[in-house]
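Student: Starting off with a structure, shown below.
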Amino acid sequence: MPLSLVIGIIAGAIVTLMSEIAQIAHVLIYGIRIDVRLSANDWVNPIIALIAPALGGLSLGIMEWLRRRWKIAAAVDPVEANALRGGRLSLRDSIIVSWQTLVSNGSGASVGLEAGYTQIGAGAASLLGQYLTLRRNDLRLIVGCGAAAAIAAAFGAPITGAFYACELIVGVYSVGSAAPILAASLAGALTAQWLGGAPYSLEVPRVGAVGLEQYLSLIVLALLVSGIGIVVMRSSSYVERLFVRKWFPVWLRPAVGGVCVGAMAIVTPQVLAAGHGAMVLDLHREMLATTIALVIVLKLSACLISLASGFRGGLFFASLFVGSLLGKLFAVLLAMIVPASFAVDPLVAMLTGMATLGVAIVGGPLTMSFLVLEMTRNVDVTAVVLAGCIVTSICVRFMFGHSFSTWRLHLRGETIRSANDVGWLRNLTVERMMRSDVAKCPTTTTIAACRHEFLLGSRQAVVVVNNSDDYCGLVSLPDLYSGELDSIADEIQVVELAKYIDVALLPEMNVKTAMKIFDDSGAEVLAVLESENSRKVVGFLTESFARRRYVEEIDQATRGVLGALS
């Protein structure tokens, strides 16, 4: 608990510092007032709008070119770290990612700082956890504390931060993890509040009660938003391919993306940065349906281009902003086609659209629902938002299967769908489980000679090899000592009893792959070969031992859900 409080204070201070640096950069570059958000301006200088994101993108492009030239591995984000690496993050990489996020947002690219917030908060927490040599589950929990504190500090919403960590970073709702995560979240929010206020806090006017007749309309909105969220995530890979092609060298891609974003900013500055100022502005003013639709299209395009071209940042707040506009557009259009009694409150529709698009892209239905609750303090509104979030979550999971962060990992070749700890599956390899004291006999050995060398019960199986010591099959001792062979034991060679000649394991296979091979072959023991291109036997593995280790690891991984590992 004390460690989680320390992490919360550190994360809250870092979030405040990063937000102030970004705002000062906007003031210095775009010439706006210090108390006005970049996206809330009615107009920006067209020349600056084109040059600033391009120069910021050029600096990021050069950094990426140098990373590839020096063959430095890409940074790991908190979701990937907790899912595959037991919570191990590099603080150096986290600082670099946070700095790149600052450059991206500070120059005006259409990305939020929340990715940098969670990265540096989780990175600092992971460093402390590794220094204190925490166990795997505890280290994953501490990383969740860092991310929770960062989100809580950013939005001034401690419960939202806590559920963000549980749903998206730790991957489970754990009794044992609730207290430290909530403590870190509270510490982060209070620290940010004491240092000047949450950078992404939203003041929402008082919302009235929501009638039952509005529920159906808002559920329809949730379904529409689900489809839009899936289209956005699908589109991200296509937009990225446009930049990855040979048309632009890697160092130039972000600069080209910056010029595209700047061109859209000339039409409306609401596409710049995360969109916090624009969202606050649009919550309180009347807008034409055409204007709302234009901002939605431009903002989504700017976000996809920014990320696809190489800018660093997140879509957390951008999804909230675009979702609120979708809700507002839905309310305006619905008022045109249905009687007034069936129309929905535009503010309730905005909150529902905000939360549901956040669920579709970021994930975390409870996270988004509690964000609305902490913004409005209204249980009636939160109830309908929660219903919409659940519908969106089910729809996106069924039709798409990923959030935006795990979808981008999927595009890189990873197969994880959440932060649930599956790293142990990759770590528990055949090489770690196998035995190397292999019982071998040549193919020319007779059954009688083999019986003489290997007594019944001394081994489970004998590996048959040729003159080059290559694997030629496996003979179980019960088959070797079959009574039907007694009369011909001196005449028959042992190779004629060999099974699983074309079935074997490799050292790098994980336990899940090994179990599938055992199930498909029906074998109780299998040989382990040196590599795919070699038939040399380096060990053997029994199904019973592999299954026992598999169950033990599953039990250890899931025990934390009940707080047994605290």
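Labeling convention for the structure tokens: chains A, B, ... as they appear, residues from 1 per chain, ligands from 1 in order of appearance.
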What's the 10 Å shell around Ile228 of chain A, counting only C-alpha atoms, without same-chain residues fewer than 6 positions away, as a ChimeraX atom specification?
Tutor: /A:222,234,323,326,357,360-361
Student: Determine, counting only C-alpha atoms, which protein, DNA and RNA residues have an atom within 10 Å of an atom of Ile10 of chain A; residues of the same chain fewer than 3 positions away are not included. Present the result as a list of chain:residue names.
Tutor: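 Listing them by chain and then by number gives A:Ser4, A:Leu5, A:Val6, A:Ile7, A:Ala13, A:Ile14, A:Val15, A:Ile120, A:Gly121, A:Ala124, A:Ala125, A:Gly146, A:Ala149, A:Ala150, A:Ala184, A:Ala187, A:Gly188, A:Thr191, A:Ala192.
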Student: If we count only C-alpha atoms, what is near Pro254 of chain A at a cut-off of 8 Å, once residues fewer than 2 positions away on the same chain are taken out, given as an MDAnalysis selection string?
Tutor: chainID A and resid 54 56:58 60:61 251:252 256:258 306 309:311
Student: Which residue, A:Leu281, A:Leu17, A:Val111, A:Leu541, has the smallest gap to Ala153 of chain A when you use only C-alpha atoms?
Tutor: A:Leu17
Student: Give me, as a PyMOL selection string, all polymer residues having an atom no more than 12 Å from Leu386 of chain A, counting only C-alpha atoms and skipping those fewer than 3 positions away in the same chain.
Tutor: chain A and resi 215+218-219+222+351-356+359+364-373+379-383+389-393
Student: May I have the residues within 10 Å of segment 467-479 of chain A as a PyMOL selection string, using only C-alpha atoms and disregarding those fewer than 5 positions away in the same chain?
Tutor: chain A and resi 440-444+450-451+454-462+484-485+494-504+523-529+534-537
Student: Nearest to Tyr200 of chain A: which of A:Thr16, A:Ser301, A:Ser94, A:Ser104 is it, counting only C-alpha atoms?
Tutor: A:Thr16
Student: So, counting only C-alpha atoms, which residue among A:Ser59, A:Gln214, A:Ser226, A:Thr101 is closest to Cys395 of chain A?
Tutor: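 Among the listed residues, the smallest separation from Cys395 of chain A belongs to A:Ser226.
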Student: Write out as a count of residues only all residues of segment 4-237 of chain A that backbone DSSP assigns to alpha helix (DSSP H).
Tutor: 167
Student: Using only C-alpha atoms, determine which residues lie at most 9 Å from Val259 of chain A, disregarding the query and same-chain residues fewer than 4 positions distant; provide the list as a JSON list (two decimals) with N, CA and C atoms, in the first residue's frame.
Tutor:
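Once everything was written out, this is selection.json:
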```
[["chain", "number", "residue", "atom", "x", "y", "z"],
["A", 49, "ALA", "N", 0.11, 26.29, -38.98],
["A", 49, "ALA", "CA", -0.62, 25.01, -38.94],
["A", 49, "ALA", "C", 0.02, 23.98, -39.87],
["A", 50, "LEU", "N", 0.59, 24.41, -40.96],
["A", 50, "LEU", "CA", 1.25, 23.48, -41.88],
["A", 50, "LEU", "C", 2.67, 23.14, -41.45],
["A", 51, "ILE", "N", 3.38, 24.14, -40.91],
["A", 51, "ILE", "CA", 4.80, 23.95, -40.60],
["A", 51, "ILE", "C", 5.01, 23.22, -39.28],
["A", 52, "ALA", "N", 4.26, 23.58, -38.23],
["A", 52, "ALA", "CA", 4.52, 23.05, -36.88],
["A", 52, "ALA", "C", 4.38, 21.52, -36.82],
["A", 53, "PRO", "N", 3.25, 20.95, -37.24],
["A", 53, "PRO", "CA", 3.16, 19.48, -37.19],
["A", 53, "PRO", "C", 4.19, 18.80, -38.10],
["A", 54, "ALA", "N", 4.52, 19.45, -39.23],
["A", 54, "ALA", "CA", 5.50, 18.86, -40.14],
["A", 54, "ALA", "C", 6.87, 18.79, -39.50],
["A", 57, "GLY", "N", 6.81, 16.21, -36.82],
["A", 57, "GLY", "CA", 6.86, 14.89, -37.44],
["A", 57, "GLY", "C", 8.24, 14.56, -37.98],
["A", 254, "PRO", "N", 6.23, 10.94, -40.88],
["A", 254, "PRO", "CA", 5.50, 11.81, -39.95],
["A", 254, "PRO", "C", 5.39, 13.25, -40.43],
["A", 255, "ALA", "N", 6.38, 13.73, -41.15],
["A", 255, "ALA", "CA", 6.31, 15.10, -41.67],
["A", 255, "ALA", "C", 5.18, 15.23, -42.68],
["A", 263, "ALA", "N", -3.25, 20.87, -42.80],
["A", 263, "ALA", "CA", -4.21, 21.31, -43.82],
["A", 263, "ALA", "C", -5.64, 21.21, -43.29],
["A", 264, "MET", "N", -5.94, 20.15, -42.55],
["A", 264, "MET", "CA", -7.28, 20.01, -41.97],
["A", 264, "MET", "C", -7.51, 21.03, -40.86]]
```
